[in-house]
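Data from coords-v1.txt: compact mmCIF, C-alpha atoms
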```
# COMPACT_ATOMS: atom_id res chain seq x y z
CA MET A 337 -4.68 0.25 35.71
CA PRO A 338 -6.72 -2.49 34.04
CA ASN A 339 -6.30 -6.07 35.05
CA ASP A 340 -7.46 -9.44 33.82
CA ALA A 341 -10.39 -9.48 36.19
CA ASP A 342 -12.18 -6.42 34.87
CA LEU A 343 -11.63 -7.22 31.19
CA SER A 344 -13.26 -10.49 30.38
CA PRO A 345 -12.86 -12.58 27.25
CA PRO A 346 -13.76 -13.07 24.44
CA ASN A 347 -12.77 -9.58 23.30
CA GLU A 348 -10.33 -8.73 26.09
CA ARG A 349 -7.73 -7.27 23.77
CA GLY A 350 -10.40 -5.32 21.93
CA ALA A 351 -11.49 -3.79 25.24
CA TRP A 352 -7.91 -2.82 26.02
CA MET A 353 -7.56 -1.24 22.61
CA ALA A 354 -10.77 0.72 23.21
CA ARG A 355 -9.19 2.08 26.40
CA ALA A 356 -6.00 2.85 24.55
CA GLN A 357 -7.98 4.77 21.95
CA SER A 358 -9.31 6.88 24.81
CA GLY A 359 -5.78 7.68 25.96
CA ASP A 360 -5.28 5.01 28.65
CA GLY A 361 -1.51 4.44 28.50
CA ASP A 362 -1.49 1.60 31.05
CA ALA A 363 -4.08 -0.39 29.13
CA TYR A 364 -2.13 0.26 25.95
CA ARG A 365 1.14 -0.98 27.45
CA LEU A 366 -0.50 -4.14 28.72
CA LEU A 367 -2.12 -4.67 25.35
CA LEU A 368 1.12 -4.28 23.41
CA GLU A 369 2.94 -6.63 25.79
CA ARG A 370 0.28 -9.29 25.22
CA LEU A 371 0.30 -8.64 21.49
CA ALA A 372 4.08 -9.02 21.37
CA SER A 373 3.68 -12.49 22.85
CA ASP A 374 0.78 -13.39 20.52
CA LEU A 375 2.68 -12.14 17.49
CA ARG A 376 5.86 -13.94 18.46
CA SER A 377 3.92 -17.23 18.42
CA PHE A 378 2.28 -16.30 15.12
CA PHE A 379 5.56 -15.47 13.36
CA ARG A 380 7.52 -18.38 14.86
CA ARG A 381 5.22 -20.75 13.04
CA ARG A 382 6.15 -19.06 9.76
CA VAL A 383 9.75 -17.82 10.15
CA ARG A 384 12.71 -19.73 11.62
CA ASP A 385 15.19 -16.97 12.41
CA VAL A 386 14.61 -15.63 15.94
CA GLN A 387 15.92 -12.16 15.09
CA GLU A 388 13.65 -11.95 12.05
CA VAL A 389 10.70 -12.94 14.21
CA GLU A 390 11.52 -10.13 16.61
CA ASP A 391 11.84 -7.67 13.73
CA LEU A 392 8.42 -8.71 12.45
CA VAL A 393 6.89 -8.37 15.92
CA GLN A 394 8.27 -4.85 16.22
CA ASP A 395 7.15 -3.84 12.73
CA THR A 396 3.65 -5.14 13.44
CA LEU A 397 3.44 -3.34 16.78
CA MET A 398 4.41 -0.07 15.10
CA THR A 399 1.77 -0.58 12.42
CA VAL A 400 -0.80 -1.42 15.10
CA HIS A 401 0.13 1.86 16.78
CA ARG A 402 -0.37 3.88 13.60
CA ALA A 403 -3.61 2.10 12.69
CA ARG A 404 -5.16 1.99 16.15
CA HIS A 405 -7.82 4.57 15.27
CA THR A 406 -9.25 2.13 12.68
CA TYR A 407 -10.15 -0.56 15.19
CA ASP A 408 -13.88 -0.74 15.95
CA PRO A 409 -14.40 -2.12 19.51
CA ALA A 410 -17.74 -3.57 18.41
CA ARG A 411 -15.83 -6.03 16.23
CA PRO A 412 -13.52 -8.89 17.19
CA PHE A 413 -9.94 -7.78 17.68
CA GLU A 414 -8.10 -10.76 16.20
CA PRO A 415 -9.08 -10.33 12.51
CA TRP A 416 -7.93 -6.70 12.74
CA LEU A 417 -4.60 -7.63 14.35
CA TYR A 418 -3.76 -10.59 12.16
CA ALA A 419 -4.62 -8.74 8.96
CA ILE A 420 -1.84 -6.34 9.93
CA ALA A 421 0.49 -9.20 10.92
CA ARG A 422 -0.07 -11.10 7.65
CA ASN A 423 0.51 -7.93 5.66
CA THR A 424 3.74 -7.23 7.57
CA LEU A 425 4.93 -10.77 6.84
CA ALA A 426 4.04 -10.48 3.14
CA ASP A 427 5.90 -7.16 2.91
CA ALA A 428 8.94 -8.71 4.55
CA PHE A 429 8.93 -11.65 2.13
CA ARG A 430 8.71 -9.25 -0.82
CA ARG A 431 11.59 -7.17 0.56
CA ASP A 432 13.65 -10.30 1.11
CA ARG A 433 13.05 -11.51 -2.43
CA ARG A 434 14.13 -8.14 -3.86
CA ARG A 435 17.19 -8.13 -1.61
CA ALA A 436 18.11 -11.68 -2.62
CA GLU A 437 17.81 -10.79 -6.30
CA ARG A 438 19.94 -7.72 -5.75
CA HIS A 439 22.61 -9.66 -3.88
CA ALA A 440 22.65 -12.26 -6.66
CA VAL A 441 23.47 -9.43 -9.06
CA ASP A 442 26.10 -8.16 -6.64
CA ASP A 443 27.68 -11.62 -6.43
CA ASP A 444 27.82 -11.61 -10.22
CA LEU A 445 29.58 -8.26 -10.05
CA LEU A 446 32.17 -9.72 -7.71
CA THR A 447 32.68 -12.65 -10.07
CA VAL A 448 33.12 -10.34 -13.04
CA ALA A 449 35.59 -8.24 -11.08
CA ALA A 450 37.53 -11.31 -9.98
CA ASP A 451 37.87 -12.46 -13.57
CA ALA A 452 39.12 -9.12 -14.81
CA PRO A 453 42.71 -9.25 -16.25
CA SER A 454 44.16 -5.95 -15.06
CA HIS A 455 44.83 -4.99 -11.46
CA GLU A 456 42.83 -1.79 -11.87
CA SER A 457 39.64 -3.73 -12.48
CA SER A 458 40.55 -6.85 -10.50
CA ILE A 459 38.66 -7.79 -7.35
CA GLY A 460 41.50 -6.64 -5.13
CA GLY A 461 41.92 -3.38 -6.97
CA ILE A 462 38.24 -2.58 -6.80
CA LEU A 463 37.85 -3.53 -3.17
CA ASP A 464 40.94 -1.49 -2.29
CA GLY A 465 39.02 1.61 -3.22
CA LEU A 466 36.29 0.93 -0.69
CA PRO A 467 36.29 2.26 2.88
CA GLU A 468 38.18 -0.07 5.22
CA GLY A 469 35.15 -1.48 7.06
CA GLN A 470 33.20 -2.21 3.87
CA ARG A 471 36.20 -3.79 2.14
CA GLU A 472 36.90 -5.99 5.16
CA ALA A 473 33.22 -7.03 5.40
CA LEU A 474 32.99 -8.01 1.72
CA GLU A 475 36.30 -9.88 1.83
CA MET A 476 35.32 -11.90 4.89
CA VAL A 477 31.77 -12.77 3.89
CA LYS A 478 31.83 -12.89 0.11
CA ILE A 479 35.38 -14.00 -0.66
CA ARG A 480 36.48 -16.00 2.38
CA GLY A 481 32.94 -17.34 2.88
CA LEU A 482 32.57 -16.54 6.58
CA SER A 483 29.09 -16.34 8.09
CA ILE A 484 27.77 -12.98 9.29
CA GLU A 485 28.23 -14.20 12.85
CA GLN A 486 31.87 -15.21 12.29
CA ALA A 487 32.69 -12.04 10.39
CA SER A 488 31.11 -9.77 12.98
CA SER A 489 32.98 -11.60 15.73
CA GLN A 490 36.32 -11.19 13.92
CA ALA A 491 35.68 -7.54 13.18
CA GLY A 492 34.44 -6.86 16.70
CA VAL A 493 31.11 -5.37 15.60
CA SER A 494 27.49 -6.45 15.95
CA GLN A 495 25.87 -8.65 13.31
CA GLY A 496 23.59 -5.74 12.38
CA ALA A 497 26.58 -3.47 11.83
CA MET A 498 28.21 -6.16 9.68
CA ARG A 499 25.08 -6.41 7.51
CA VAL A 500 25.06 -2.64 7.10
CA ARG A 501 28.73 -2.65 6.04
CA ILE A 502 28.10 -5.36 3.46
CA HIS A 503 25.06 -3.54 2.12
CA ARG A 504 26.96 -0.25 1.83
CA GLY A 505 29.94 -2.03 0.33
CA TYR A 506 27.70 -3.49 -2.36
CA ARG A 507 26.27 -0.07 -3.13
CA ALA A 508 29.72 1.42 -3.48
CA LEU A 509 30.87 -1.55 -5.57
CA ARG A 510 27.88 -1.27 -7.87
CA ALA A 511 28.56 2.44 -8.35
CA ARG A 512 32.20 1.70 -9.22
CA LEU A 513 31.54 -1.10 -11.66
CA LEU A 514 28.37 0.15 -13.29
CA GLY A 515 28.69 3.89 -12.69
CA GLY A 516 25.86 6.27 -11.87
CA ASP A 517 23.71 6.28 -8.77
CA ASP A 518 24.92 4.00 -6.02
CA GLU A 519 21.43 3.48 -4.59
CA MET B 617 13.95 -10.21 6.85
CA THR B 618 15.28 -7.24 8.74
CA SER B 619 13.30 -4.27 7.57
CA LYS B 620 14.84 -1.46 9.56
CA GLN B 621 18.59 -1.52 10.01
CA PRO B 622 19.62 1.08 12.53
CA ALA B 623 22.58 3.22 11.61
CA ALA B 624 24.71 1.82 14.42
CA GLY B 625 23.65 -1.74 13.66
CA VAL B 626 21.85 -2.07 16.99
CA ARG B 627 18.14 -2.74 16.86
CA PRO B 628 16.10 -1.74 19.93
CA SER B 629 14.49 -4.53 21.89
CA THR B 630 10.75 -5.14 21.63
CA ASP B 631 10.38 -3.88 25.21
CA ASP B 632 12.07 -0.64 24.17
CA VAL B 633 9.68 -0.30 21.22
CA ILE B 634 6.67 -0.83 23.49
CA ALA B 635 8.01 1.68 25.99
CA ARG B 636 8.46 4.24 23.23
CA LEU B 637 5.01 3.64 21.74
CA THR B 638 3.30 3.91 25.14
CA ALA B 639 5.30 6.86 26.47
CA ASP B 640 2.66 9.28 25.26
CA VAL B 641 -0.77 7.94 24.32
CA PRO B 642 -3.11 10.76 23.37
CA PRO B 643 -6.73 9.82 22.65
CA VAL B 644 -7.38 9.08 19.00
CA ARG B 645 -10.53 9.81 17.02
CA ARG B 646 -11.91 6.60 15.60
CA ILE B 647 -12.74 6.61 11.91
CA TRP B 648 -16.38 6.35 10.97
CA SER B 649 -17.81 2.99 9.99
CA THR B 650 -17.47 1.96 6.35
CA GLY B 651 -21.22 2.40 5.81
CA ARG B 652 -21.21 5.93 7.16
CA ARG B 653 -18.15 6.92 5.16
CA LEU B 654 -19.68 5.41 2.02
CA ALA B 655 -22.97 7.23 2.55
CA THR B 656 -21.14 10.53 3.05
CA TRP B 657 -19.00 10.06 -0.06
CA THR B 658 -21.98 8.97 -2.17
CA GLY B 659 -23.89 12.08 -1.07
CA ALA B 660 -20.94 14.27 -2.01
CA LEU B 661 -20.63 12.45 -5.33
CA ALA B 662 -24.31 13.01 -6.16
CA LEU B 663 -23.91 16.71 -5.44
CA ILE B 664 -20.71 17.03 -7.49
CA LEU B 665 -22.16 15.14 -10.48
CA SER B 666 -25.35 17.21 -10.39
CA LEU B 667 -23.41 20.47 -10.31
CA ALA B 668 -21.10 19.32 -13.10
CA VAL B 669 -23.96 18.23 -15.35
CA LEU B 670 -25.83 21.46 -14.72
CA ALA B 671 -22.71 23.56 -15.31
CA ILE B 672 -21.86 21.87 -18.62
CA GLY B 673 -25.47 21.51 -19.71
CA VAL B 674 -27.37 18.34 -20.52
CA ARG B 675 -27.38 17.04 -24.07
CA ALA B 676 -30.31 18.22 -26.17
CA ASP B 677 -31.55 14.72 -26.94
CA LEU B 678 -31.43 13.49 -23.34
CA PRO B 679 -35.20 12.85 -23.05
CA VAL B 680 -35.02 10.66 -26.15
CA ARG B 681 -31.92 8.82 -24.95
CA LEU B 682 -33.49 8.18 -21.57
CA GLY B 683 -36.15 6.22 -23.42
CA ASP B 684 -33.48 3.85 -24.69
CA GLY B 685 -33.13 0.89 -22.35
CA SER B 686 -29.48 0.19 -23.10
CA PHE B 687 -28.53 3.84 -22.49
CA VAL B 688 -30.24 3.80 -19.10
CA LEU B 689 -28.70 0.43 -18.29
CA GLN B 690 -25.24 1.83 -19.05
CA LEU B 691 -25.85 4.78 -16.75
CA VAL B 692 -27.13 2.63 -13.92
CA ALA B 693 -24.29 0.14 -14.35
CA LEU B 694 -21.66 2.89 -14.32
CA LEU B 695 -23.06 4.43 -11.15
CA ALA B 696 -23.44 1.02 -9.50
CA VAL B 697 -19.82 0.13 -10.30
CA SER B 698 -18.73 3.51 -8.99
CA VAL B 699 -20.45 3.03 -5.63
CA ALA B 700 -19.32 -0.62 -5.40
CA SER B 701 -15.72 0.45 -6.06
CA ALA B 702 -15.98 3.11 -3.38
CA ALA B 703 -17.34 0.56 -0.90
CA LEU B 704 -14.50 -1.84 -1.68
CA ALA B 705 -11.93 0.96 -1.43
CA LEU B 706 -13.23 2.03 1.97
CA ARG B 707 -13.22 -1.56 3.19
CA ALA B 708 -9.67 -1.90 1.90
CA SER B 709 -8.63 0.88 4.25
CA VAL B 710 -9.57 -0.99 7.44
CA PRO B 711 -7.41 -3.96 8.53
CA GLY B 712 -9.46 -7.13 8.69
CA GLU B 713 -12.20 -5.76 6.44
CA GLU B 714 -10.23 -5.84 3.19
CA PRO B 715 -12.10 -7.35 0.25
CA PRO B 716 -10.34 -10.21 -1.54
CA LEU B 717 -7.90 -8.89 -4.12
CA ARG B 718 -9.52 -11.01 -6.80
CA LEU B 719 -12.93 -9.48 -6.15
CA SER B 720 -11.48 -5.98 -6.50
CA ALA B 721 -9.71 -6.90 -9.73
CA VAL B 722 -12.83 -8.57 -11.13
CA VAL B 723 -15.03 -5.53 -10.43
CA ILE B 724 -12.65 -3.14 -12.17
CA LEU B 725 -11.90 -5.47 -15.10
CA LEU B 726 -15.54 -6.41 -15.70
CA ALA B 727 -16.63 -2.79 -15.56
CA THR B 728 -13.92 -1.73 -18.02
CA ALA B 729 -14.66 -4.64 -20.34
CA GLY B 730 -18.41 -4.01 -20.14
CA LEU B 731 -17.96 -0.34 -20.98
CA THR B 732 -15.66 -1.24 -23.89
CA LEU B 733 -18.26 -3.64 -25.29
CA ALA B 734 -21.09 -1.17 -24.81
CA TYR B 735 -19.21 1.68 -26.52
CA GLY B 736 -17.95 -0.68 -29.20
CA ARG B 737 -21.52 -1.50 -30.22
CA GLU B 738 -22.31 2.12 -31.07
CA PRO B 739 -22.24 3.03 -34.77
CA ALA B 740 -18.90 4.25 -36.17
CA ALA B 741 -18.56 7.59 -37.95
CA PRO B 742 -16.81 7.85 -41.33
CA ALA B 743 -13.08 7.33 -40.98
CA HIS B 744 -12.25 10.81 -42.23
CA ASP B 745 -14.28 12.59 -39.54
CA ALA B 746 -12.34 15.88 -39.14
CA ASN B 747 -14.29 16.71 -36.01
CA PHE B 748 -12.85 13.78 -34.07
CA LEU B 749 -10.16 15.69 -32.18
CA ALA B 750 -12.05 18.96 -31.73
CA ALA B 751 -15.13 17.23 -30.37
CA GLY B 752 -13.13 14.74 -28.33
CA TRP B 753 -10.60 16.51 -26.16
CA PRO B 754 -13.16 18.54 -24.18
CA CYS B 755 -14.74 15.23 -23.13
CA ALA B 756 -11.39 13.94 -21.85
CA VAL B 757 -10.79 17.15 -19.92
CA ALA B 758 -14.33 17.10 -18.52
CA THR B 759 -13.91 13.49 -17.37
CA ALA B 760 -10.73 14.36 -15.49
CA LEU B 761 -12.24 17.47 -13.93
CA ILE B 762 -15.46 15.75 -12.86
CA ALA B 763 -13.54 12.82 -11.37
CA ALA B 764 -10.94 14.93 -9.55
CA VAL B 765 -12.96 16.08 -6.55
CA PRO B 766 -14.66 12.73 -5.75
CA LEU B 767 -11.27 11.04 -6.16
CA LEU B 768 -9.54 13.42 -3.78
CA LEU B 769 -12.35 13.11 -1.24
CA LEU B 770 -12.18 9.33 -1.35
CA VAL B 771 -8.40 9.12 -1.29
CA GLY B 772 -8.43 11.55 1.65
CA ALA B 773 -10.82 9.23 3.49
CA LEU B 774 -8.59 6.25 2.72
CA ARG B 775 -5.46 8.08 3.85
CA ARG B 776 -7.12 8.89 7.16
CA ALA B 777 -7.57 5.14 7.72
CA ALA B 778 -4.97 2.38 7.22
CA PRO B 779 -4.93 0.82 3.75
CA LEU B 780 -2.67 -2.23 4.00
CA VAL B 781 -2.61 -2.70 0.21
CA PRO B 782 -2.51 0.93 -0.93
CA THR B 783 -2.16 0.25 -4.66
CA VAL B 784 -5.42 -1.69 -4.73
CA ALA B 785 -7.13 0.90 -2.54
CA GLY B 786 -5.99 3.61 -4.96
CA LEU B 787 -7.17 1.62 -7.98
CA LEU B 788 -10.61 1.12 -6.44
CA ALA B 789 -10.84 4.80 -5.54
CA GLY B 790 -10.02 5.60 -9.17
CA GLY B 791 -12.74 3.23 -10.32
CA ALA B 792 -15.23 4.95 -8.02
CA ALA B 793 -14.41 8.44 -9.30
CA PHE B 794 -13.82 7.80 -12.99
CA PHE B 795 -16.76 5.48 -13.66
CA ALA B 796 -19.01 8.09 -12.02
CA ALA B 797 -17.46 10.76 -14.24
CA ALA B 798 -18.10 8.57 -17.29
CA ALA B 799 -21.76 8.34 -16.28
CA ALA B 800 -22.00 12.10 -15.95
CA LEU B 801 -20.40 12.55 -19.36
CA GLN B 802 -23.08 10.38 -20.96
CA LEU B 803 -25.63 12.96 -19.82
CA VAL B 804 -23.83 15.94 -21.35
CA CYS B 805 -22.00 14.68 -24.43
CA PRO B 806 -24.14 14.44 -27.57
CA HIS B 807 -21.66 12.23 -29.47
CA ASP B 808 -22.70 8.58 -29.50
CA GLU B 809 -20.13 7.56 -32.06
CA ARG B 810 -18.05 4.42 -31.32
CA TRP B 811 -14.52 5.81 -31.59
CA HIS B 812 -15.40 9.04 -29.83
CA LEU B 813 -16.71 7.03 -26.88
CA LEU B 814 -13.81 4.57 -26.83
CA VAL B 815 -11.06 7.17 -27.16
CA TRP B 816 -12.42 10.24 -25.38
CA HIS B 817 -14.72 8.68 -22.77
CA LEU B 818 -13.17 5.29 -22.00
CA GLY B 819 -9.56 6.41 -22.56
CA PRO B 820 -9.56 8.94 -19.70
CA VAL B 821 -11.18 6.33 -17.45
CA ALA B 822 -8.41 3.82 -18.21
CA LEU B 823 -5.71 6.43 -17.68
CA GLY B 824 -7.43 7.55 -14.49
CA LEU B 825 -7.40 4.00 -13.14
CA VAL B 826 -3.67 3.70 -13.77
CA ALA B 827 -2.96 7.11 -12.24
CA SER B 828 -5.09 6.31 -9.19
CA ALA B 829 -3.26 3.03 -8.60
CA ALA B 830 0.03 4.94 -8.82
CA LEU B 831 -1.33 7.54 -6.39
CA GLY B 832 -2.22 4.70 -4.04
CA ALA B 833 1.23 3.13 -4.32
CA THR B 834 2.93 6.40 -3.47
CA TRP B 835 0.80 8.76 -1.40
CA LEU B 836 -1.57 6.28 0.25
CA ALA B 837 1.35 4.10 1.30
CA ARG B 838 2.71 6.90 3.46
CA TRP B 839 0.33 6.34 6.37
CA ARG B 840 2.71 3.71 7.76
CA ARG B 841 5.51 6.25 7.97
CA ALA B 842 3.34 8.90 9.62
CA ALA B 843 3.98 9.21 13.33
```

Whole structure given in structure tokens:
Amino acid sequence: MPNDADLSPPNERGAWMARAQSGDGDAYRLLLERLASDLRSFFRRRVRDVQEVEDLVQDTLMTVHRARHTYDPARPFEPWLYAIARNTLADAFRRDRRRAERHAVDDDLLTVAADAPSHESSIGGILDGLPEGQREALEMVKIRGLSIEQASSQAGVSQGAMRVRIHRGYRALRARLLGGDDE
Amino acid sequence: MTSKQPAAGVRPSTDDVIARLTADVPPVRRIWSTGRRLATWTGALALILSLAVLAIGVRADLPVRLGDGSFVLQLVALLAVSVASAALALRASVPGEEPPLRLSAVVILLATAGLTLAYGREPAAPAHDANFLAAGWPCAVATALIAAVPLLLLVGALRRAAPLVPTVAGLLAGGAAFFAAAAALQLVCPHDERWHLLVWHLGPVALGLVASAALGATWLARWRRAA
């Protein structure tokens, strides 16, 4: 197993990656543990939410894993790593922007439904047709204005599960109001 | 910014992810250096272009045209842009070596604009030229066929690496293959008429660039999902 003594700076992580490329699992585990810490610091300076930081760290580690054959040990390791990290962050921002735009449309859908005159197309009527968990999630978060944390606590599910219910509820709602594909 | 929502709403911890990634670590074969990959692709390109030109047959007036400085300059510029695009594409497939996006865009745009200007300066045939379609479509088909193999070879090399911005990598690969094909076509096509060149020579190049970028956005992007 490698240790700090036999892998000297400045390209310590590069040397570990070279060992990992040769199939050294211990060196690889140590490397990824160090990288997780490095990446956490990197993303914390750019993203506030702790869970989002952890998601970004995991996404970057998985990309590092898939791209590890492209690292050249003769070169510094950091530019290679942080190119991947910056790209992961940029992808996440793009995804977030798309999601925010989509949710803005979904909020508009809820408003339109709420303003509808008949019960069939009213907000209650439309939500009644959704599966119980999705209806409850949309009611709590989008109508009663609870936070994800409060809603998940009331429903007795994790925050991740609550987000999934809201997302699926929106898809079903969009399919009902607009017709066609619910994706 | 959660990118992967697990079905049960429970995301594994980072320690779990590391444990999974390091559970089985087979040796990996490093990709060749960018210089070596570029040299290999350029060699293959030279061979493919030579075979294509020989198979189709060089234009009868080639010795005369090779005495024309602007014709030779066009050929050299097309081949230079092709190799430069390939170099940028290969660099774009290695994290940390990516060329600036602006540089990539400038190379492709300048090359396309330069070719448009060069072709646009050629004399125009009479507007009622009935031969326009019959003489033109074989050039478009030839461009696509000549570009196909170098494009697939280059995209294959990119896919084997890790292009972080796959659309740009695909666009550059298209530039490498289609500008080279346009150069080859200049050696075999006897039509130096403006609209023939713009429609049947430049048109397939422009379409090829768009198709290559789309190929990059779809197929090249899949390396992240590969286990």

Excluding B:Leu733 and residues on its chain fewer than 4 positions from it, collect all residues at most 12 Å away from it, counting all atoms listed in the file, and give them as a count of residues only. 12

Report, as lines of an AutoDock Vina configuration file, the centre and edge lengths in Å (one decimal) of the axis-aligned box enclosing every listed atom of stretch 666-676 of chain B, padded by 8 Å on each side.
```
center_x = -25.7
center_y = 20.3
center_z = -18.2
size_x = 25.2
size_y = 22.5
size_z = 31.9
```

Can you build me a table of chain B residues sitting at most 12 Å from chain A, with the closest atom pair per residue and its distance in Å to one decimal, using all atoms listed in the file, sorted by chain and residue number, as JSON lines?
```
{"residue": "B:Met617", "atom": "CA", "partner": "A:Glu388", "partner_atom": "CA", "distance": 5.5}
{"residue": "B:Thr618", "atom": "CA", "partner": "A:Glu388", "partner_atom": "CA", "distance": 6.0}
{"residue": "B:Ser619", "atom": "CA", "partner": "A:Ala428", "partner_atom": "CA", "distance": 6.9}
{"residue": "B:Lys620", "atom": "CA", "partner": "A:Asp391", "partner_atom": "CA", "distance": 8.1}
{"residue": "B:Gln621", "atom": "CA", "partner": "A:Gly496", "partner_atom": "CA", "distance": 7.0}
{"residue": "B:Pro622", "atom": "CA", "partner": "A:Gly496", "partner_atom": "CA", "distance": 7.9}
{"residue": "B:Ala623", "atom": "CA", "partner": "A:Ala497", "partner_atom": "CA", "distance": 7.8}
{"residue": "B:Ala624", "atom": "CA", "partner": "A:Ala497", "partner_atom": "CA", "distance": 6.2}
{"residue": "B:Gly625", "atom": "CA", "partner": "A:Ala497", "partner_atom": "CA", "distance": 3.9}
{"residue": "B:Val626", "atom": "CA", "partner": "A:Gly496", "partner_atom": "CA", "distance": 6.1}
{"residue": "B:Arg627", "atom": "CA", "partner": "A:Gly496", "partner_atom": "CA", "distance": 7.7}
{"residue": "B:Pro628", "atom": "CA", "partner": "A:Gln394", "partner_atom": "CA", "distance": 9.2}
{"residue": "B:Ser629", "atom": "CA", "partner": "A:Glu390", "partner_atom": "CA", "distance": 8.2}
{"residue": "B:Thr630", "atom": "CA", "partner": "A:Gln394", "partner_atom": "CA", "distance": 6.0}
{"residue": "B:Asp631", "atom": "CA", "partner": "A:Glu369", "partner_atom": "CA", "distance": 8.0}
{"residue": "B:Asp632", "atom": "CA", "partner": "A:Gln394", "partner_atom": "CA", "distance": 9.8}
{"residue": "B:Val633", "atom": "CA", "partner": "A:Gln394", "partner_atom": "CA", "distance": 6.9}
{"residue": "B:Ile634", "atom": "CA", "partner": "A:Leu368", "partner_atom": "CA", "distance": 6.5}
{"residue": "B:Ala635", "atom": "CA", "partner": "A:Arg365", "partner_atom": "CA", "distance": 7.5}
{"residue": "B:Arg636", "atom": "CA", "partner": "A:Arg365", "partner_atom": "CA", "distance": 9.9}
{"residue": "B:Leu637", "atom": "CA", "partner": "A:His401", "partner_atom": "CA", "distance": 7.2}
{"residue": "B:Thr638", "atom": "CA", "partner": "A:Arg365", "partner_atom": "CA", "distance": 5.8}
{"residue": "B:Ala639", "atom": "CA", "partner": "A:Gly361", "partner_atom": "CA", "distance": 7.5}
{"residue": "B:Asp640", "atom": "CA", "partner": "A:Gly361", "partner_atom": "CA", "distance": 7.2}
{"residue": "B:Val641", "atom": "CA", "partner": "A:Gly359", "partner_atom": "CA", "distance": 5.3}
{"residue": "B:Pro642", "atom": "CA", "partner": "A:Gly359", "partner_atom": "CA", "distance": 4.8}
{"residue": "B:Pro643", "atom": "CA", "partner": "A:Gly359", "partner_atom": "CA", "distance": 4.1}
{"residue": "B:Val644", "atom": "CA", "partner": "A:Gln357", "partner_atom": "CA", "distance": 5.3}
{"residue": "B:Arg645", "atom": "CA", "partner": "A:His405", "partner_atom": "CA", "distance": 6.2}
{"residue": "B:Arg646", "atom": "CA", "partner": "A:His405", "partner_atom": "CA", "distance": 4.6}
{"residue": "B:Ile647", "atom": "CA", "partner": "A:Thr406", "partner_atom": "CA", "distance": 5.7}
{"residue": "B:Trp648", "atom": "CA", "partner": "A:Thr406", "partner_atom": "CA", "distance": 8.5}
{"residue": "B:Ser649", "atom": "CA", "partner": "A:Asp408", "partner_atom": "CA", "distance": 8.1}
{"residue": "B:Thr650", "atom": "CA", "partner": "A:Thr406", "partner_atom": "CA", "distance": 10.4}
{"residue": "B:Leu706", "atom": "CA", "partner": "A:Thr406", "partner_atom": "CA", "distance": 11.4}
{"residue": "B:Arg707", "atom": "CA", "partner": "A:Thr406", "partner_atom": "CA", "distance": 10.9}
{"residue": "B:Ala708", "atom": "CA", "partner": "A:Ala419", "partner_atom": "CA", "distance": 11.1}
{"residue": "B:Ser709", "atom": "CA", "partner": "A:Thr406", "partner_atom": "CA", "distance": 8.5}
{"residue": "B:Val710", "atom": "CA", "partner": "A:Thr406", "partner_atom": "CA", "distance": 6.1}
{"residue": "B:Pro711", "atom": "CA", "partner": "A:Trp416", "partner_atom": "CA", "distance": 5.0}
{"residue": "B:Gly712", "atom": "CA", "partner": "A:Trp416", "partner_atom": "CA", "distance": 4.4}
{"residue": "B:Glu713", "atom": "CA", "partner": "A:Trp416", "partner_atom": "CA", "distance": 7.7}
{"residue": "B:Glu714", "atom": "CA", "partner": "A:Ala419", "partner_atom": "CA", "distance": 8.6}
{"residue": "B:Pro715", "atom": "CA", "partner": "A:Ala419", "partner_atom": "CA", "distance": 11.6}
{"residue": "B:Ala773", "atom": "CA", "partner": "A:Thr406", "partner_atom": "CA", "distance": 11.7}
{"residue": "B:Leu774", "atom": "CA", "partner": "A:Thr406", "partner_atom": "CA", "distance": 10.8}
{"residue": "B:Arg775", "atom": "CA", "partner": "A:Ala403", "partner_atom": "CA", "distance": 10.8}
{"residue": "B:Arg776", "atom": "CA", "partner": "A:Thr406", "partner_atom": "CA", "distance": 9.0}
{"residue": "B:Ala777", "atom": "CA", "partner": "A:Thr406", "partner_atom": "CA", "distance": 6.0}
{"residue": "B:Ala778", "atom": "CA", "partner": "A:Ala403", "partner_atom": "CA", "distance": 5.6}
{"residue": "B:Pro779", "atom": "CA", "partner": "A:Ala403", "partner_atom": "CA", "distance": 9.1}
{"residue": "B:Leu780", "atom": "CA", "partner": "A:Asn423", "partner_atom": "CA", "distance": 6.7}
{"residue": "B:Val781", "atom": "CA", "partner": "A:Asn423", "partner_atom": "CA", "distance": 8.2}
{"residue": "B:Pro782", "atom": "CA", "partner": "A:Asn423", "partner_atom": "CA", "distance": 11.4}
{"residue": "B:Arg838", "atom": "CA", "partner": "A:Arg402", "partner_atom": "CA", "distance": 11.0}
{"residue": "B:Trp839", "atom": "CA", "partner": "A:Arg402", "partner_atom": "CA", "distance": 7.7}
{"residue": "B:Arg840", "atom": "CA", "partner": "A:Thr399", "partner_atom": "CA", "distance": 6.4}
{"residue": "B:Arg841", "atom": "CA", "partner": "A:Arg402", "partner_atom": "CA", "distance": 8.5}
{"residue": "B:Ala842", "atom": "CA", "partner": "A:Arg402", "partner_atom": "CA", "distance": 7.4}
{"residue": "B:Ala843", "atom": "CA", "partner": "A:Arg402", "partner_atom": "CA", "distance": 6.9}
```

List the neighbours of B:Ile724 out to 8 Å using only C-alpha atoms; skip same-chain residues closer than 4 positions along the sequence, and give me the result as number ranges by chain. B: 701, 720, 728, 788, 791

Put those residues in a file: C-alpha atoms, as a short mmCIF file (atom, residue, chain, number, x, y, z; two decimals), in the coordinates of the input.
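Now in out_36.cif:
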```cif
data_model
loop_
_atom_site.label_atom_id
_atom_site.label_comp_id
_atom_site.auth_asym_id
_atom_site.auth_seq_id
_atom_site.Cartn_x
_atom_site.Cartn_y
_atom_site.Cartn_z
CA SER B 701 -15.72 0.45 -6.06
CA SER B 720 -11.48 -5.98 -6.50
CA THR B 728 -13.92 -1.73 -18.02
CA LEU B 788 -10.61 1.12 -6.44
CA GLY B 791 -12.74 3.23 -10.32
#
```
